[in-house]
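Peer 1: So I've got this file, input_39.cif, and it contains mmCIF, C-alpha atoms:
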data_input
#
loop_
_atom_site.label_atom_id
_atom_site.label_comp_id
_atom_site.auth_asym_id
_atom_site.auth_seq_id
_atom_site.Cartn_x
_atom_site.Cartn_y
_atom_site.Cartn_z
CA MET A 1 10.54 -4.53 11.69
CA SER A 2 9.17 -3.49 8.32
CA CYS A 3 10.44 -0.77 5.97
CA TYR A 4 8.00 1.16 3.82
CA ASN A 5 8.87 3.30 0.84
CA SER A 6 6.72 5.99 -0.79
CA LEU A 7 3.01 5.27 -0.56
CA GLN A 8 1.56 7.38 -3.35
CA PHE A 9 -1.50 5.65 -4.64
CA PRO A 10 -2.81 6.03 -8.19
CA LEU A 11 -6.42 6.74 -8.83
CA GLN A 12 -8.24 3.84 -10.39
CA GLU A 13 -8.89 4.22 -14.09
CA ASN A 14 -12.07 3.09 -15.77
CA TYR A 15 -11.93 -0.27 -17.42
CA VAL A 16 -13.28 -0.33 -20.96
CA PHE A 17 -14.91 -3.49 -22.23
CA GLN A 18 -16.46 -4.73 -25.41
CA GLY A 19 -19.76 -6.51 -25.00
CA ARG A 20 -23.37 -6.71 -26.17
CA LEU A 21 -26.63 -5.66 -24.71
CA VAL A 22 -28.57 -8.19 -22.69
CA THR A 23 -32.00 -8.16 -21.13
CA GLU A 24 -32.70 -8.64 -17.45
CA ASP A 25 -33.79 -12.22 -18.12
CA ALA A 26 -30.49 -13.25 -19.72
CA THR A 27 -29.03 -16.44 -18.35
CA PHE A 28 -25.39 -16.87 -17.42
CA VAL A 29 -24.69 -19.07 -20.44
CA THR A 30 -26.44 -16.75 -22.84
CA LEU A 31 -24.61 -13.68 -21.60
CA ARG A 32 -21.29 -15.48 -21.65
CA GLU A 33 -21.82 -16.46 -25.27
CA LYS A 34 -22.77 -12.92 -26.19
CA VAL A 35 -19.82 -11.49 -24.30
CA TYR A 36 -17.26 -13.73 -25.95
CA SER A 37 -18.77 -13.43 -29.42
CA ALA A 38 -19.02 -9.66 -29.21
CA SER A 39 -15.28 -9.09 -29.37
CA PRO A 40 -12.79 -11.66 -30.74
CA GLY A 41 -10.20 -12.39 -28.12
CA PHE A 42 -12.39 -10.65 -25.50
CA THR A 43 -9.98 -7.78 -24.87
CA GLU A 44 -11.32 -6.29 -21.67
CA LEU A 45 -9.01 -3.35 -21.27
CA THR A 46 -8.14 -0.66 -23.77
CA GLN A 47 -5.91 2.10 -22.56
CA ALA A 48 -6.65 5.11 -24.71
CA VAL A 49 -4.61 7.35 -22.45
CA ARG A 50 -1.56 5.13 -22.55
CA PRO A 51 1.45 6.97 -23.99
CA THR A 52 2.47 4.08 -26.20
CA SER A 53 0.42 1.92 -28.55
CA ALA A 54 -0.91 -1.40 -27.30
CA PRO A 55 1.37 -4.40 -27.97
CA THR A 56 0.49 -6.62 -30.89
CA VAL A 57 -0.41 -10.29 -30.50
CA ARG A 58 3.12 -11.19 -31.59
CA GLU A 59 4.62 -8.82 -29.03
CA ARG A 60 2.43 -10.31 -26.29
CA ASP A 61 3.47 -13.83 -27.26
CA GLU A 62 7.12 -12.81 -27.26
CA ALA A 63 6.70 -11.17 -23.85
CA GLU A 64 5.10 -14.30 -22.43
CA GLN A 65 7.85 -16.45 -23.92
CA ARG A 66 10.49 -14.24 -22.34
CA THR A 67 8.68 -14.59 -19.01
CA VAL A 68 8.77 -18.38 -19.23
CA GLU A 69 12.45 -18.36 -20.20
CA TRP A 70 13.22 -15.93 -17.39
CA ILE A 71 11.66 -18.22 -14.82
CA ARG A 72 13.50 -21.27 -16.17
CA THR A 73 16.89 -19.58 -16.13
CA GLN A 74 16.68 -18.16 -12.65
CA THR A 75 19.12 -19.83 -10.31
CA SER A 76 17.42 -18.34 -7.28
CA PRO A 77 14.00 -16.79 -6.65
CA THR A 78 15.82 -13.79 -5.18
CA LYS A 79 18.41 -13.42 -7.94
CA SER A 80 19.37 -9.74 -8.11
CA ALA A 81 19.20 -7.53 -11.15
CA ALA A 82 21.92 -5.07 -10.27
CA THR A 83 22.30 -3.75 -13.77
CA PHE A 84 18.59 -3.22 -14.32
CA HIS A 85 17.25 0.27 -13.66
CA PRO A 86 13.52 0.38 -14.35
CA THR A 87 11.44 3.49 -14.34
CA ALA A 88 8.32 3.85 -12.28
CA PRO A 89 5.01 3.02 -13.99
CA GLU A 90 3.43 5.88 -15.87
CA ARG A 91 0.60 7.52 -13.96
CA ASP A 92 -1.77 10.23 -15.11
CA HIS A 93 -2.92 10.96 -11.57
CA GLN A 94 -1.66 10.13 -8.10
CA GLU A 95 -3.67 9.73 -4.93
CA ILE A 96 -1.79 10.31 -1.69
CA SER A 97 -2.73 8.08 1.22
CA THR A 98 -2.87 9.68 4.65
CA THR A 99 -0.80 6.74 5.88
CA ASP A 100 2.18 7.76 3.76
CA SER A 101 4.23 9.59 6.35
CA GLU A 102 3.23 7.23 9.13
CA LEU A 103 4.30 4.06 7.38
CA ARG A 104 7.64 5.44 6.23
CA VAL A 105 10.60 4.45 8.39
CA ASN A 106 14.28 5.07 7.99
CA CYS A 107 15.74 2.23 5.96
CA THR A 108 17.93 1.80 2.94
CA SER A 109 16.83 0.45 -0.42
CA ASP A 110 18.96 -2.66 0.02
CA TYR A 111 17.40 -3.61 3.36
CA GLY A 112 16.44 -7.25 2.88
CA GLU A 113 15.74 -8.67 -0.58
CA LYS A 114 13.27 -7.84 -3.31
CA LYS A 115 11.11 -10.76 -4.32
CA LEU A 116 8.22 -11.40 -6.64
CA PRO A 117 4.89 -11.31 -4.75
CA GLN A 118 3.61 -14.40 -3.01
CA ALA A 119 0.09 -12.94 -2.80
CA ILE A 120 -1.85 -10.48 -4.92
CA ILE A 121 -5.11 -8.62 -4.35
CA ILE A 122 -6.55 -8.99 -7.86
CA GLY A 123 -9.93 -7.31 -7.46
CA VAL A 124 -12.35 -5.81 -7.58
CA LYS A 125 -12.39 -2.10 -8.36
CA LYS A 126 -14.42 -0.14 -5.77
CA GLY A 127 -14.78 -3.28 -3.70
CA GLY A 128 -12.60 -2.24 -0.75
CA THR A 129 -9.16 -3.32 -1.95
CA ARG A 130 -7.37 -0.21 -0.65
CA ALA A 131 -8.90 -0.58 2.79
CA LEU A 132 -7.82 -4.22 2.89
CA LEU A 133 -4.28 -3.43 1.80
CA GLU A 134 -3.88 -0.65 4.37
CA ALA A 135 -5.06 -2.99 7.12
CA LEU A 136 -2.62 -5.68 5.96
CA ARG A 137 0.22 -3.15 6.05
CA VAL A 138 -0.16 -3.01 9.82
CA HIS A 139 1.05 -6.61 10.00
CA PRO A 140 4.84 -6.76 10.48
CA ASP A 141 5.13 -9.79 8.19
CA VAL A 142 3.47 -8.11 5.19
CA ARG A 143 5.29 -5.83 2.77
CA ALA A 144 3.27 -4.33 -0.06
CA VAL A 145 4.04 -1.95 -2.89
CA GLY A 146 2.01 1.28 -2.64
CA ASN A 147 1.41 1.99 -6.32
CA GLU A 148 -0.70 -0.40 -8.35
CA PRO A 149 1.89 -1.94 -10.70
CA HIS A 150 -0.57 -2.99 -13.42
CA PHE A 151 2.10 -5.43 -14.55
CA PHE A 152 -0.11 -8.26 -15.79
CA ASP A 153 -2.46 -6.00 -17.74
CA ARG A 154 -0.46 -2.99 -18.97
CA ASN A 155 3.26 -3.50 -18.36
CA TYR A 156 3.82 -7.20 -18.98
CA GLU A 157 6.24 -6.59 -21.85
CA LYS A 158 8.64 -4.88 -19.39
CA GLY A 159 9.51 -8.24 -17.86
CA LEU A 160 9.63 -9.81 -14.41
CA ASP A 161 12.87 -8.06 -13.43
CA TRP A 162 11.10 -4.72 -13.84
CA TYR A 163 8.14 -6.04 -11.84
CA ARG A 164 10.26 -7.41 -9.02
CA ASP A 165 12.22 -4.18 -8.74
CA LEU A 166 8.96 -2.38 -7.90
CA MET A 167 8.47 -4.57 -4.84
CA PRO A 168 9.62 -3.50 -1.37
CA SER A 169 12.52 -5.34 0.23
CA THR A 170 11.56 -8.14 2.61
CA LEU A 171 13.21 -10.13 5.34
CA GLU A 172 12.94 -13.87 5.75
CA GLY A 173 9.41 -14.82 6.77
CA GLN A 174 7.77 -11.70 5.34
CA ILE A 175 5.25 -11.80 2.50
CA THR A 176 5.54 -9.57 -0.56
CA MET A 177 2.19 -8.34 -1.86
CA GLU A 178 0.66 -5.99 -4.41
CA LYS A 179 -2.84 -5.00 -5.45
CA THR A 180 -4.18 -4.19 -8.89
CA PRO A 181 -7.99 -4.60 -9.00
CA SER A 182 -8.13 -4.59 -12.79
CA TYR A 183 -6.40 -7.98 -12.92
CA PHE A 184 -9.67 -9.73 -12.05
CA VAL A 185 -11.31 -8.55 -15.26
CA THR A 186 -8.24 -8.84 -17.50
CA ASN A 187 -8.34 -11.82 -19.85
CA HIS A 188 -4.59 -12.51 -19.93
CA ALA A 189 -3.94 -12.00 -16.21
CA PRO A 190 -4.71 -15.55 -14.95
CA LYS A 191 -2.35 -17.23 -17.41
CA ARG A 192 0.40 -14.68 -16.87
CA ILE A 193 0.24 -14.86 -13.08
CA HIS A 194 0.18 -18.65 -13.24
CA SER A 195 3.30 -18.59 -15.41
CA MET A 196 5.06 -16.53 -12.74
CA ALA A 197 3.98 -18.55 -9.70
CA LYS A 198 1.64 -21.52 -9.79
CA ASP A 199 1.24 -21.53 -6.01
CA ILE A 200 0.53 -17.82 -5.54
CA LYS A 201 -2.33 -16.77 -3.27
CA LEU A 202 -5.06 -14.57 -4.73
CA ILE A 203 -7.39 -12.28 -2.80
CA ILE A 204 -10.61 -10.90 -4.28
CA VAL A 205 -12.68 -8.28 -2.46
CA VAL A 206 -16.28 -8.26 -3.70
CA ARG A 207 -19.36 -6.27 -2.79
CA ASN A 208 -22.95 -6.03 -4.00
CA PRO A 209 -22.47 -5.42 -7.74
CA VAL A 210 -25.21 -2.78 -7.81
CA THR A 211 -23.60 -0.77 -5.02
CA ARG A 212 -20.20 -1.32 -6.60
CA ALA A 213 -21.45 0.04 -9.94
CA ILE A 214 -22.85 3.17 -8.29
CA SER A 215 -19.56 3.70 -6.44
CA ASP A 216 -17.68 3.26 -9.71
CA TYR A 217 -19.91 5.83 -11.38
CA THR A 218 -19.49 8.22 -8.44
CA GLN A 219 -15.72 8.12 -8.81
CA THR A 220 -15.93 8.84 -12.54
CA LEU A 221 -18.45 11.62 -11.92
CA SER A 222 -16.03 13.34 -9.53
CA LYS A 223 -13.49 13.55 -12.35
CA LYS A 224 -15.88 14.16 -15.23
CA PRO A 225 -18.98 16.06 -14.01
CA GLU A 226 -20.24 16.33 -17.58
CA ILE A 227 -20.93 12.60 -18.04
CA PRO A 228 -24.55 11.40 -18.43
CA THR A 229 -26.58 10.23 -15.46
CA PHE A 230 -26.20 6.73 -14.06
CA GLU A 231 -29.64 5.81 -15.39
CA VAL A 232 -28.72 6.85 -18.93
CA LEU A 233 -25.47 4.87 -18.92
CA ALA A 234 -26.96 1.74 -17.33
CA PHE A 235 -29.75 1.27 -19.89
CA LYS A 236 -29.72 1.20 -23.65
CA ASN A 237 -33.48 1.28 -23.59
CA ARG A 238 -34.94 1.69 -20.13
CA THR A 239 -38.53 1.20 -21.30
CA LEU A 240 -37.71 -2.20 -22.82
CA GLY A 241 -35.43 -3.14 -19.93
CA LEU A 242 -32.31 -3.39 -22.11
CA ILE A 243 -29.33 -3.14 -19.81
CA ASP A 244 -26.02 -2.04 -21.30
CA ALA A 245 -23.71 -4.79 -20.03
CA SER A 246 -20.88 -3.35 -22.11
CA TRP A 247 -20.64 -0.43 -19.69
CA SER A 248 -17.62 -1.23 -17.53
CA ALA A 249 -19.32 -0.15 -14.30
CA LEU A 250 -21.89 -2.93 -14.79
CA ARG A 251 -19.68 -5.51 -16.46
CA ILE A 252 -17.15 -5.67 -13.63
CA GLY A 253 -19.92 -6.84 -11.28
CA ILE A 254 -20.62 -10.02 -13.29
CA TYR A 255 -18.21 -11.82 -10.97
CA ALA A 256 -19.05 -15.35 -12.08
CA LEU A 257 -18.05 -14.56 -15.64
CA HIS A 258 -14.61 -13.28 -14.63
CA LEU A 259 -14.04 -16.01 -12.04
CA GLU A 260 -14.40 -18.67 -14.73
CA SER A 261 -11.14 -17.50 -16.32
CA TRP A 262 -9.25 -17.71 -13.03
CA MET A 263 -10.56 -21.18 -12.19
CA GLN A 264 -8.98 -22.48 -15.39
CA TYR A 265 -5.56 -21.85 -13.82
CA PHE A 266 -5.99 -21.78 -10.05
CA PRO A 267 -7.92 -23.95 -7.58
CA LEU A 268 -10.28 -22.30 -5.13
CA SER A 269 -7.91 -23.24 -2.33
CA GLN A 270 -5.54 -20.54 -3.62
CA MET A 271 -8.27 -17.89 -3.69
CA HIS A 272 -9.81 -16.01 -0.82
CA PHE A 273 -12.95 -13.93 -1.21
CA VAL A 274 -13.43 -10.97 1.11
CA SER A 275 -16.87 -9.46 1.63
CA GLY A 276 -16.63 -5.72 1.06
CA GLU A 277 -19.74 -5.23 3.20
CA ARG A 278 -18.37 -7.22 6.14
CA LEU A 279 -15.02 -5.48 5.79
CA ILE A 280 -16.89 -2.30 6.79
CA VAL A 281 -19.08 -3.65 9.61
CA ASP A 282 -16.60 -6.20 10.96
CA PRO A 283 -13.08 -5.39 9.72
CA ALA A 284 -11.39 -7.46 12.41
CA GLY A 285 -13.43 -10.54 11.50
CA GLU A 286 -12.56 -10.28 7.82
CA MET A 287 -8.91 -9.57 8.62
CA ALA A 288 -8.74 -12.71 10.76
CA LYS A 289 -9.80 -14.79 7.76
CA VAL A 290 -7.32 -13.05 5.46
CA GLN A 291 -4.46 -13.55 7.90
CA ASP A 292 -5.34 -17.23 8.22
CA PHE A 293 -5.42 -17.58 4.44
CA LEU A 294 -1.97 -16.00 4.13
CA GLY A 295 -0.57 -18.18 6.91
CA LEU A 296 0.03 -15.19 9.18
CA LYS A 297 -0.37 -14.85 12.90
CA ARG A 298 -3.55 -12.94 13.82
CA ILE A 299 -1.90 -9.67 14.77
CA VAL A 300 -4.35 -7.22 13.15
CA THR A 301 -7.42 -7.40 15.42
CA ASP A 302 -10.36 -5.26 16.53
CA LYS A 303 -8.05 -3.11 18.65
CA HIS A 304 -6.62 -1.67 15.43
CA PHE A 305 -9.91 -0.24 14.13
CA TYR A 306 -12.47 2.43 14.92
CA PHE A 307 -15.50 3.48 12.88
CA ASN A 308 -15.30 6.92 11.26
CA LYS A 309 -18.88 8.21 11.10
CA THR A 310 -17.97 10.99 8.67
CA LYS A 311 -16.46 8.68 6.08
CA GLY A 312 -18.79 5.80 6.82
CA PHE A 313 -16.13 3.11 7.12
CA PRO A 314 -13.50 1.90 9.60
CA CYS A 315 -10.16 3.62 10.04
CA LEU A 316 -7.00 2.32 11.63
CA LYS A 317 -6.36 3.66 15.12
CA LYS A 318 -3.39 5.99 15.37
CA PRO A 319 -0.02 4.45 16.26
CA GLU A 320 1.56 5.46 19.53
CA ASP A 321 4.07 7.70 17.73
CA SER A 322 1.48 9.49 15.58
CA SER A 323 -0.88 12.33 16.40
CA THR A 324 -3.45 11.46 13.75
CA PRO A 325 -5.42 8.29 12.95
CA ARG A 326 -4.84 6.52 9.66
CA CYS A 327 -7.79 6.84 7.32
CA LEU A 328 -8.10 6.47 3.59
CA GLY A 329 -7.82 9.56 1.41
CA LYS A 330 -10.50 12.05 0.39
CA SER A 331 -11.29 10.02 -2.72
CA LYS A 332 -12.72 7.26 -0.52
CA GLY A 333 -16.15 7.41 1.06
CA ARG A 334 -17.71 9.80 -1.45
CA THR A 335 -21.46 10.44 -1.12
CA HIS A 336 -23.30 8.51 -3.84
CA PRO A 337 -25.75 10.34 -6.08
CA LYS A 338 -29.42 9.48 -5.62
CA ILE A 339 -30.43 6.75 -8.06
CA ASP A 340 -34.02 5.98 -9.04
CA PRO A 341 -35.15 2.99 -6.90
CA ASP A 342 -36.74 1.41 -9.98
CA VAL A 343 -33.34 1.37 -11.69
CA ILE A 344 -31.76 -0.24 -8.64
CA ARG A 345 -34.47 -2.93 -8.59
CA ARG A 346 -33.93 -3.68 -12.27
CA LEU A 347 -30.18 -4.02 -11.74
CA HIS A 348 -30.67 -6.34 -8.77
CA LYS A 349 -32.88 -8.50 -10.97
CA PHE A 350 -30.26 -8.43 -13.73
CA TYR A 351 -27.43 -9.49 -11.39
CA LYS A 352 -29.36 -12.11 -9.42
CA PRO A 353 -28.64 -15.15 -11.65
CA PHE A 354 -24.97 -14.21 -11.86
CA ASN A 355 -24.79 -13.74 -8.09
CA MET A 356 -26.33 -17.18 -7.56
CA MET A 357 -23.76 -18.68 -9.90
CA PHE A 358 -20.98 -16.84 -8.05
CA TYR A 359 -22.22 -18.14 -4.68
CA GLN A 360 -22.20 -21.67 -6.09
CA MET A 361 -18.72 -21.32 -7.57
CA THR A 362 -17.17 -19.91 -4.39
CA GLY A 363 -19.20 -21.84 -1.85
CA GLN A 364 -20.07 -18.56 -0.12
CA ASN A 365 -23.36 -16.70 0.22
CA PHE A 366 -22.75 -12.95 0.29
CA GLU A 367 -26.50 -12.27 0.83
CA TRP A 368 -26.68 -9.38 -1.63
CA GLU A 369 -30.33 -10.24 -2.30
CA LEU A 370 -31.22 -9.02 1.19
CA GLU A 371 -30.58 -5.48 -0.02
CA GLU A 372 -32.99 -6.05 -2.91
CA ASP A 373 -35.66 -7.28 -0.49
CA SER A 374 -35.11 -4.23 1.71
CA ILE A 375 -35.60 -1.89 -1.27
CA SER A 376 -38.76 -3.72 -2.31
CA ARG A 377 -40.29 -3.45 1.18
CA SER A 378 -39.42 0.26 1.50
CA SER A 379 -41.07 1.00 -1.85
CA GLN A 380 -44.31 -0.55 -0.58
CA ASP A 381 -44.45 1.47 2.64
#
Translate the structure of the given file into structure tokens.
Peer 2:
Amino acid sequence: MSCYNSLQFPLQENYVFQGRLVTEDATFVTLREKVYSASPGFTELTQAVRPTSAPTVRERDEAEQRTVEWIRTQTSPTKSAATFHPTAPERDHQEISTTDSELRVNCTSDYGEKKLPQAIIIGVKKGGTRALLEALRVHPDVRAVGNEPHFFDRNYEKGLDWYRDLMPSTLEGQITMEKTPSYFVTNHAPKRIHSMAKDIKLIIVVRNPVTRAISDYTQTLSKKPEIPTFEVLAFKNRTLGLIDASWSALRIGIYALHLESWMQYFPLSQMHFVSGERLIVDPAGEMAKVQDFLGLKRIVTDKHFYFNKTKGFPCLKKPEDSSTPRCLGKSKGRTHPKIDPDVIRRLHKFYKPFNMMFYQMTGQNFEWELEEDSISRSSQD
């Protein structure tokens, strides 16, 4: 039996990066050098809306030192913090999942024990992380926090006790999980997570970076209708083919660049890559792989899913005690704006060398180039 607390989900915020312009013919090494030289320390995320000022380098070092000391002094991985009363993470907006009332059961806050997560979904934004987490929640041996904690990128100075107190209580044999997609593109996240748990399991949901960028833009457009068009934001000079890789919607999709940072701390055996495309067309197949990776029995199977034609992605079939199926909220499955096919072709060409590098690094072929070929053929008809 699993107990679920409030499942109010925050809307994803845009990630702001510092980078330089590159042409479509840029190589992986060249872009990497430009990216790192463009901003000392390569600070990927700047939170302009954050109520407090960003911590200084000294404060970050002190926070990391306290984390190390905390881990060393713990007498038990489940040591309680009875006198600690953290506040919930600050959120500008909240997104309510339709699964909220269905996953809530009557249980007390001290049911089981609160533990630091043994697995984290670290990325990527608009890749399908919410869909994956909701499907994992069906498994009785998975307990996951609903809100994205943003501990390793925004709240690290609050300490591991604060982080652990956000987690749901678990029984013996259950896995504690959380998801914060921005971790994948946060420079300090790999080191900080490694300091907490060297053997933690990491899950990364990826999709075609061009489609992901358009989805990212669509989400921002729904909040800020006044922003420029996708074509304007994607190119510094469209005539010359200068792509603005500093735009976060494009930068997030350079997966190989971000993966390099994680491979400095974790072996591939502790990472699992989920195809966002296959999660839509074959959710049960992808879930089988995820459950195997987490060491779980294959309980979530094809009988748990049905395809929602309106939303364009799978939903979880309704439980026996519920009158409605469990689908993601209204913010998911938005209709994408029409993008000039020439722009899409240019972006596919831009991403291709990075995709090839990513395939080589992960040992998986996600076949994103097939979409590019399909666009090319349709333009010739």
Peer 1: Would you mind reading off the distance between CA of His150 (chain A) and CA of Phe358 (chain A), one decimal, in Å?
Peer 2: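 Value for the CA of His150 (chain A)-CA of Phe358 (chain A) distance: 25.2 Å.
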Peer 1: Between CA of Asp161 (chain A) and CA of Glu62 (chain A), what is the distance in Å, rounded to a tenth?
Peer 2: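 These atoms are spaced 15.7 Å apart.
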Peer 1: Residues at most 9 Å from Lys126 (chain A), counting all atoms listed in the file, excluding those fewer than 3 positions away in the same chain, as a ChimeraX atom specification?
Peer 2: /A:12,123,129-130,181,205-207,212-213,215-216,219
Peer 1: Generate the output file for the selected residues, C-alpha atoms, as a PDB file, in the frame of the given file.
Peer 2:
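Contents of the output file again_33.pdb:
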ATOM      1  CA  GLN A  12      -8.240   3.840 -10.390  1.00  0.00           C
ATOM      2  CA  GLY A 123      -9.930  -7.310  -7.460  1.00  0.00           C
ATOM      3  CA  THR A 129      -9.160  -3.320  -1.950  1.00  0.00           C
ATOM      4  CA  ARG A 130      -7.370  -0.210  -0.650  1.00  0.00           C
ATOM      5  CA  PRO A 181      -7.990  -4.600  -9.000  1.00  0.00           C
ATOM      6  CA  VAL A 205     -12.680  -8.280  -2.460  1.00  0.00           C
ATOM      7  CA  VAL A 206     -16.280  -8.260  -3.700  1.00  0.00           C
ATOM      8  CA  ARG A 207     -19.360  -6.270  -2.790  1.00  0.00           C
ATOM      9  CA  ARG A 212     -20.200  -1.320  -6.600  1.00  0.00           C
ATOM     10  CA  ALA A 213     -21.450   0.040  -9.940  1.00  0.00           C
ATOM     11  CA  SER A 215     -19.560   3.700  -6.440  1.00  0.00           C
ATOM     12  CA  ASP A 216     -17.680   3.260  -9.710  1.00  0.00           C
ATOM     13  CA  GLN A 219     -15.720   8.120  -8.810  1.00  0.00           C
TER      14      GLN A 219
END
Peer 1: Could you please determine the separation between CA of Lys179 (chain A) and CA of Ile204 (chain A) in Å, to one decimal place?
Peer 2: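 Between CA of Lys179 (chain A) and CA of Ile204 (chain A) the gap is 9.8 Å.
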Peer 1: From the set A:Ala245, A:Met361, A:Ile200, A:Ile121, which residue has the shortest atom-to-atom contact distance to Met263 (chain A), counting only C-alpha atoms?
Peer 2: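 So, comparing all the options, the nearest one is A:Met361.
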Peer 1: Please determine, counting all atoms listed in the file, which residue among A:Ala144, A:Ile254, A:Ile344, A:Met196 has the shortest atom-to-atom distance to Ala234 (chain A).
Peer 2: A:Ile344
Peer 1: Measuring between all atoms listed in the file, which one of A:Glu172, A:Glu113, A:Glu178, A:Glu277 shows the shortest distance to Asn147 (chain A)?
Peer 2: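 Nearest to Asn147 (chain A): A:Glu178.
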Peer 1: Care to translate the PyMOL selection byres ((chain A and resi 244) around 7) into actual residues of this file, as a VMD selection string?
Peer 2: chain A and resid 21 to 22 234 to 236 242 to 243 245 to 247
Peer 1: When the PyMOL selection byres ((chain A and resi 314) around 9) is applied to the file above, which residues end up in the set, as a ChimeraX atom specification?
Peer 2: /A:131,279-283,305-309,311-313,315-316,327
Peer 1: Atoms to include: C-alpha atoms. Write the selected residues as a CSV table (one decimal), in the frame of the given file.
Peer 2:
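Result saved to selection.csv:
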chain,number,residue,atom,x,y,z
A,131,ALA,CA,-8.9,-0.6,2.8
A,279,LEU,CA,-15.0,-5.5,5.8
A,280,ILE,CA,-16.9,-2.3,6.8
A,281,VAL,CA,-19.1,-3.6,9.6
A,282,ASP,CA,-16.6,-6.2,11.0
A,283,PRO,CA,-13.1,-5.4,9.7
A,305,PHE,CA,-9.9,-0.2,14.1
A,306,TYR,CA,-12.5,2.4,14.9
A,307,PHE,CA,-15.5,3.5,12.9
A,308,ASN,CA,-15.3,6.9,11.3
A,309,LYS,CA,-18.9,8.2,11.1
A,311,LYS,CA,-16.5,8.7,6.1
A,312,GLY,CA,-18.8,5.8,6.8
A,313,PHE,CA,-16.1,3.1,7.1
A,315,CYS,CA,-10.2,3.6,10.0
A,316,LEU,CA,-7.0,2.3,11.6
A,327,CYS,CA,-7.8,6.8,7.3
Peer 1: Find the spatial neighbours of Pro190 (chain A), counting only C-alpha atoms, within a cut-off of 7 Å - ignore same-chain residues fewer than 2 positions away - and output them as a list in words.
Peer 2: His188, Arg192, Ile193, His194, Ser261, Trp262 and Tyr265 of chain A
Peer 1: Quick one: apply the PyMOL selection byres ((chain A and resi 112) around 9) to the file and drop the selected residues here as a ChimeraX atom specification.
Peer 2: /A:109-111,113-114,168-172
Peer 1: Counting all atoms listed in the file, figure out which residue out of A:Ile120, A:Val300, A:Met357, A:Leu259 gets nearest to His139 (chain A).
Peer 2: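 Once distances to His139 (chain A) are computed over all atoms listed in the file, the minimum belongs to A:Val300.
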